[in-house]
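> As input, take structure31.csv (CSV, C-alpha atoms):
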```csv
chain,number,residue,atom,x,y,z
S,184,GLN,CA,0.0,0.0,0.0
S,185,GLN,CA,3.0,2.3,0.4
S,186,GLN,CA,4.3,1.8,-3.1
S,187,VAL,CA,4.3,4.3,-5.9
S,188,LYS,CA,4.4,2.5,-9.3
S,189,GLN,CA,6.1,4.4,-12.1
S,190,SER,CA,6.1,3.6,-15.8
S,191,PRO,CA,7.8,3.3,-18.2
S,192,GLN,CA,11.2,2.5,-16.9
S,193,SER,CA,12.8,4.1,-20.0
S,194,LEU,CA,11.5,6.4,-22.7
S,195,ILE,CA,13.0,7.6,-25.9
S,196,VAL,CA,11.4,10.6,-27.6
S,197,GLN,CA,12.3,12.7,-30.6
S,198,LYS,CA,13.1,16.4,-30.2
S,199,GLY,CA,9.9,18.4,-30.2
S,200,GLY,CA,7.8,15.4,-29.1
S,201,ILE,CA,5.7,14.9,-26.0
S,202,SER,CA,7.1,12.8,-23.1
S,203,ILE,CA,4.6,11.2,-20.8
S,204,ILE,CA,5.5,9.4,-17.5
S,205,ASN,CA,2.9,7.8,-15.4
S,206,CYS,CA,2.6,7.0,-11.7
S,207,ALA,CA,0.0,5.3,-9.5
S,208,TYR,CA,-0.4,5.1,-5.8
S,209,GLU,CA,-2.6,3.2,-3.3
S,210,ASN,CA,-2.4,5.1,-0.1
S,211,THR,CA,-5.2,7.7,0.0
S,212,ALA,CA,-3.4,9.6,2.8
S,213,PHE,CA,-0.9,10.9,0.2
S,214,ASP,CA,-1.6,14.6,-0.4
S,215,TYR,CA,1.6,15.9,-2.0
S,216,PHE,CA,2.9,14.7,-5.4
S,217,PRO,CA,6.2,16.0,-6.5
S,218,TRP,CA,8.4,15.1,-9.5
S,219,TYR,CA,12.1,15.2,-9.2
S,220,GLN,CA,14.6,15.4,-12.1
S,221,GLN,CA,18.1,13.9,-11.9
S,222,PHE,CA,20.9,14.5,-14.4
S,223,PRO,CA,23.9,12.1,-14.5
S,224,GLY,CA,26.3,12.7,-11.7
S,225,LYS,CA,23.9,15.0,-9.9
S,226,GLY,CA,21.3,14.7,-7.1
S,227,PRO,CA,17.6,14.8,-7.8
S,228,ALA,CA,16.1,18.3,-7.9
S,229,LEU,CA,12.4,19.2,-7.5
S,230,LEU,CA,10.9,19.9,-10.9
S,231,ILE,CA,7.2,20.5,-10.2
S,232,ALA,CA,4.7,19.4,-7.5
S,233,ILE,CA,0.9,19.2,-7.2
S,234,ARG,CA,-1.6,18.8,-4.3
S,235,PRO,CA,-4.8,16.9,-4.8
S,236,ASP,CA,-7.1,19.9,-4.7
S,237,VAL,CA,-6.3,20.6,-8.4
S,238,SER,CA,-6.3,18.3,-11.4
S,239,GLU,CA,-3.5,20.0,-13.4
S,240,LYS,CA,-0.5,22.2,-12.8
S,241,LYS,CA,1.6,23.7,-15.5
S,242,GLU,CA,5.1,25.2,-15.3
S,243,GLY,CA,6.5,26.1,-18.7
S,244,ARG,CA,6.8,22.9,-20.8
S,245,PHE,CA,6.1,20.7,-17.8
S,246,THR,CA,2.6,19.7,-16.7
S,247,ILE,CA,1.3,17.4,-14.0
S,248,SER,CA,-2.1,15.8,-14.5
S,249,PHE,CA,-3.7,14.4,-11.4
S,250,ASN,CA,-6.6,11.9,-11.3
S,251,LYS,CA,-7.6,11.6,-7.6
S,252,SER,CA,-10.3,9.0,-8.2
S,253,ALA,CA,-8.0,6.7,-10.2
S,254,LYS,CA,-5.1,7.5,-7.8
S,255,GLN,CA,-2.9,8.3,-10.8
S,256,PHE,CA,-0.8,11.2,-11.8
S,257,SER,CA,1.5,11.9,-14.8
S,258,LEU,CA,4.2,14.2,-16.0
S,259,HIS,CA,3.9,15.6,-19.5
S,260,ILE,CA,6.9,17.3,-21.1
S,261,MET,CA,5.8,19.3,-24.1
S,262,ASP,CA,8.3,20.1,-27.0
S,263,SER,CA,10.9,17.8,-25.4
S,264,GLN,CA,14.5,18.9,-25.8
S,265,PRO,CA,17.8,17.0,-25.6
S,266,GLY,CA,18.5,18.9,-22.4
S,267,ASP,CA,15.5,17.2,-20.8
S,268,SER,CA,17.3,13.9,-21.0
S,269,ALA,CA,17.5,12.8,-17.4
S,270,THR,CA,15.9,10.4,-14.9
S,271,TYR,CA,12.6,11.5,-13.6
S,272,PHE,CA,11.2,10.3,-10.2
S,273,CYS,CA,7.6,10.7,-9.1
S,274,ALA,CA,6.8,10.6,-5.4
S,275,ALA,CA,3.8,10.7,-3.1
S,276,GLY,CA,4.0,12.3,0.3
S,277,SER,CA,1.9,12.7,3.4
S,278,ALA,CA,2.6,14.1,6.9
S,279,ARG,CA,4.4,10.9,7.7
S,280,GLN,CA,6.4,9.9,4.7
S,281,LEU,CA,7.6,10.5,1.1
S,282,THR,CA,7.6,7.5,-1.2
S,283,PHE,CA,9.4,7.5,-4.5
S,284,GLY,CA,8.7,5.7,-7.7
S,285,SER,CA,11.5,3.7,-9.3
S,286,GLY,CA,12.4,6.3,-11.9
S,287,THR,CA,12.1,6.8,-15.7
S,288,GLN,CA,15.2,7.4,-17.8
S,289,LEU,CA,14.2,9.8,-20.5
S,290,THR,CA,16.3,10.2,-23.7
S,291,VAL,CA,15.4,12.9,-26.1
S,292,LEU,CA,17.0,12.4,-29.5
S,293,PRO,CA,18.2,15.5,-31.4
K,143,GLU,CA,29.8,26.9,-1.2
K,144,THR,CA,26.1,26.7,-1.8
K,145,GLY,CA,23.5,24.0,-1.5
K,146,VAL,CA,24.2,20.5,-0.1
K,147,THR,CA,27.8,19.2,-0.5
K,148,GLN,CA,28.8,15.6,0.0
K,149,THR,CA,32.2,14.1,0.4
K,150,PRO,CA,33.8,11.9,-0.7
K,151,ARG,CA,32.1,11.6,-4.1
K,152,HIS,CA,33.5,8.1,-4.6
K,153,LEU,CA,34.5,5.5,-2.1
K,154,VAL,CA,35.7,2.0,-2.5
K,155,MET,CA,36.0,-0.1,0.7
K,156,GLY,CA,36.5,-3.6,1.8
K,157,MET,CA,34.0,-5.4,3.9
K,158,THR,CA,36.1,-5.0,7.0
K,159,ASN,CA,36.8,-1.3,6.6
K,160,LYS,CA,35.4,1.6,8.5
K,161,LYS,CA,34.7,4.8,6.6
K,162,SER,CA,32.4,7.8,6.9
K,163,LEU,CA,30.4,9.9,4.5
K,164,LYS,CA,30.0,13.6,5.2
K,165,CYS,CA,27.3,16.0,4.2
K,166,GLU,CA,27.1,19.7,4.8
K,167,GLN,CA,24.2,22.0,3.9
K,168,HIS,CA,24.5,25.7,3.4
K,169,LEU,CA,20.8,26.5,3.2
K,170,GLY,CA,20.0,27.2,6.8
K,171,HIS,CA,17.7,24.2,6.9
K,172,ASN,CA,16.6,22.3,10.0
K,173,ALA,CA,16.1,18.8,8.7
K,174,MET,CA,18.7,16.5,7.0
K,175,TYR,CA,18.3,13.1,5.4
K,176,TRP,CA,20.2,10.1,4.2
K,177,TYR,CA,18.8,8.2,1.1
K,178,LYS,CA,20.1,5.2,-0.6
K,179,GLN,CA,19.8,5.1,-4.4
K,180,SER,CA,20.2,1.7,-6.2
K,181,ALA,CA,19.7,1.2,-9.9
K,182,LYS,CA,16.1,0.9,-11.1
K,183,LYS,CA,14.8,1.1,-7.5
K,184,PRO,CA,13.0,3.8,-5.6
K,185,LEU,CA,15.0,6.2,-3.5
K,186,GLU,CA,15.1,4.5,-0.1
K,187,LEU,CA,15.0,6.7,3.0
K,188,MET,CA,17.5,5.7,5.6
K,189,PHE,CA,17.5,8.4,8.3
K,190,VAL,CA,16.0,11.7,9.1
K,191,TYR,CA,17.3,14.3,11.6
K,192,SER,CA,15.3,17.3,12.6
K,193,LEU,CA,17.0,19.9,14.7
K,194,GLU,CA,19.8,17.4,15.3
K,195,GLU,CA,17.4,14.8,16.7
K,196,ARG,CA,16.7,11.6,14.8
K,197,VAL,CA,13.1,11.5,13.9
K,198,GLU,CA,13.0,8.6,11.4
K,199,ASN,CA,14.9,5.4,11.0
K,200,ASN,CA,13.6,3.0,8.4
K,201,SER,CA,15.0,-0.2,9.9
K,202,VAL,CA,18.4,0.3,8.5
K,203,PRO,CA,21.0,-2.3,9.4
K,204,SER,CA,23.2,-1.3,12.3
K,205,ARG,CA,26.3,-1.4,10.1
K,206,PHE,CA,25.1,2.1,9.0
K,207,SER,CA,25.4,4.6,11.9
K,208,PRO,CA,24.3,8.2,11.4
K,209,GLU,CA,25.6,11.2,13.3
K,210,CYS,CA,24.2,14.8,13.2
K,211,PRO,CA,26.4,17.1,15.4
K,212,ASN,CA,24.5,20.2,14.3
K,213,SER,CA,21.9,21.3,11.9
K,214,SER,CA,24.4,21.9,9.1
K,215,HIS,CA,26.3,18.6,9.2
K,216,LEU,CA,25.4,15.0,8.8
K,217,PHE,CA,27.6,11.9,8.8
K,218,LEU,CA,27.0,8.3,7.8
K,219,HIS,CA,29.5,6.0,9.5
K,220,LEU,CA,30.0,2.7,7.7
K,221,HIS,CA,31.5,-0.5,9.1
K,222,THR,CA,31.6,-4.2,8.0
K,223,LEU,CA,29.4,-3.5,5.0
K,224,GLN,CA,28.3,-6.0,2.5
K,225,PRO,CA,28.6,-6.0,-1.3
K,226,GLU,CA,24.9,-5.3,-1.6
K,227,ASP,CA,25.4,-2.0,0.2
K,228,SER,CA,27.1,-0.7,-2.9
K,229,ALA,CA,25.0,2.2,-4.1
K,230,LEU,CA,24.8,6.0,-4.4
K,231,TYR,CA,24.2,7.5,-1.0
K,232,LEU,CA,22.3,10.8,-1.2
K,233,CYS,CA,22.2,13.5,1.5
K,234,ALA,CA,19.3,15.9,1.4
K,235,SER,CA,18.0,18.8,3.5
K,236,SER,CA,14.7,20.6,3.9
K,237,GLN,CA,13.7,23.7,5.7
K,238,VAL,CA,11.7,21.8,8.3
K,239,TRP,CA,10.7,18.2,8.9
K,240,THR,CA,7.2,17.8,7.5
K,241,GLY,CA,7.1,14.0,6.9
K,242,GLY,CA,6.8,14.0,3.2
K,243,THR,CA,5.2,17.2,2.0
K,244,GLY,CA,8.1,19.6,1.6
K,245,GLU,CA,10.8,20.2,-1.0
K,246,LEU,CA,14.0,18.2,-0.6
K,247,PHE,CA,17.4,19.6,-1.6
K,248,PHE,CA,19.8,16.8,-2.6
K,249,GLY,CA,23.5,16.7,-2.7
K,250,GLU,CA,25.3,15.0,-5.6
K,251,GLY,CA,25.8,11.8,-3.7
K,252,SER,CA,28.6,9.6,-2.6
K,253,ARG,CA,29.1,6.5,-4.9
K,254,LEU,CA,30.0,3.6,-2.6
K,255,THR,CA,31.5,0.4,-3.8
K,256,VAL,CA,32.0,-2.5,-1.3
K,257,LEU,CA,34.4,-5.2,-2.5
```
Mind turning the file's structure into structure tokens?

Amino acid sequence: QQQVKQSPQSLIVQKGGISIINCAYENTAFDYFPWYQQFPGKGPALLIAIRPDVSEKKEGRFTISFNKSAKQFSLHIMDSQPGDSATYFCAAGSARQLTFGSGTQLTVLP
Amino acid sequence: ETGVTQTPRHLVMGMTNKKSLKCEQHLGHNAMYWYKQSAKKPLELMFVYSLEERVENNSVPSRFSPECPNSSHLFLHLHTLQPEDSALYLCASSQVWTGGTGELFFGEGSRLTVL
């Protein structure tokens, strides 16, 4: 019940395309859903986060879509660029814990 | 220096060695964390310190021993490790301990290899 399932494990997208990464959770106590971006040799960094009172949050080319009833959320990267190539982690948090997904390695081809 | 800095960046040790990982945060935060990152697995929380007091310990083996002498420094002491402990160890900090609802600021990690 504490897991966050993330898919796909790896994703290859052409420059200018849309990258979509999906996550699902079970614990209804989660009320904070961040996405972290990690470049090789670096630590993860917060990219964007959403709380369940909204169904969508957009920051530039990055959008989180949130479906509370399905307990799913996803990250959409519009107009993907080679510089977006990184590993993306979704997570789900509550007042007690933060649980991460297993990560998606995104490669954007030039 | 800014952000969260970790040393050493790479460490190779034998199973009988004793070594330590060091983390320092320059953000004025009050909570610090150790995470373990293994390939294709979720980040695994090991320890949390809030205002120098340990508030979370996710049943980590006793061969890992944390130390938080002040709110800016965090150590992970390692002894008699196993090869399966080889991983990237990430230090993180946050402004306050909120469980799981605040932004974490990660260091670049210490890559540990146990022979």
> Quick one: everything within 12 Å of Asn200 (chain K), counting all atoms listed in the file, minus sequence neighbours fewer than 4 positions away in the same chain. Send it as a PyMOL selection string.
(chain S and resi 280) or (chain K and resi 175-178+186-190+196+204+206)
> Show me as a PyMOL selection string the residues that reach within 10 Å of (-5.3, 9.6, -10.6), counting only C-alpha atoms and using the file's own coordinates.
chain S and resi 205-208+235+238+248-257
> Now that the selection is made, can you save its residues with C-alpha atoms as an mmCIF file, in the frame of the given file?

```cif
data_model
loop_
_atom_site.group_PDB
_atom_site.id
_atom_site.type_symbol
_atom_site.label_atom_id
_atom_site.label_comp_id
_atom_site.auth_asym_id
_atom_site.auth_seq_id
_atom_site.Cartn_x
_atom_site.Cartn_y
_atom_site.Cartn_z
ATOM 1 C CA ASN S 205 2.900 7.800 -15.400
ATOM 2 C CA CYS S 206 2.600 7.000 -11.700
ATOM 3 C CA ALA S 207 0.000 5.300 -9.500
ATOM 4 C CA TYR S 208 -0.400 5.100 -5.800
ATOM 5 C CA PRO S 235 -4.800 16.900 -4.800
ATOM 6 C CA SER S 238 -6.300 18.300 -11.400
ATOM 7 C CA SER S 248 -2.100 15.800 -14.500
ATOM 8 C CA PHE S 249 -3.700 14.400 -11.400
ATOM 9 C CA ASN S 250 -6.600 11.900 -11.300
ATOM 10 C CA LYS S 251 -7.600 11.600 -7.600
ATOM 11 C CA SER S 252 -10.300 9.000 -8.200
ATOM 12 C CA ALA S 253 -8.000 6.700 -10.200
ATOM 13 C CA LYS S 254 -5.100 7.500 -7.800
ATOM 14 C CA GLN S 255 -2.900 8.300 -10.800
ATOM 15 C CA PHE S 256 -0.800 11.200 -11.800
ATOM 16 C CA SER S 257 1.500 11.900 -14.800
#
```
> Here is a test: counting all atoms listed in the file, which residue of K:Leu230, K:Val202, K:Leu193, K:Val256 is nearest to chain S?
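Smallest distance to chain S is found for K:Leu230.
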> Taking all atoms listed in the file into account, find every residue of chain K that has an atom no more than 6 Å from chain S, and write it out as a ChimeraX atom specification.
/K:182-185,240-243,248-250
> For region 149-160 of chain K, find every residue with an atom within 6 Å (counting only C-alpha atoms), except residues of its own chain fewer than 5 positions away, and show them as number ranges by chain.
K: 220-224, 252-257
> Smallest atom-to-atom distance to Glu226 (chain K): which of K:Ala181, K:Pro208, K:Glu198, K:Met174, using only C-alpha atoms?
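Closest to Glu226 (chain K), using only C-alpha atoms: K:Ala181.
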> Mind pulling up the distance from CA of Glu166 (chain K) to CA of Ala234 (chain K)?
9.3 Å
> Which value, in Å to one decimal, gives the distance between CA of Thr290 (chain S) and CA of Gly244 (chain K)?
28.2 Å
> Go ahead and find all residues with at least one atom no further than 10 Å from (10.1, 11.3, -28.7) in the file's coordinates, using all atoms listed in the file; report them as a list in words.
Leu194, Ile195, Val196, Gln197, Lys198, Gly199, Gly200, Ile201, Ser202, Ile203, Asp262, Ser263, Gln264, Leu289, Thr290, Val291, Leu292 and Pro293 of chain S
> CA of Val238 (chain K) to CA of Gln167 (chain K): how many Å, to one decimal?
13.3 Å
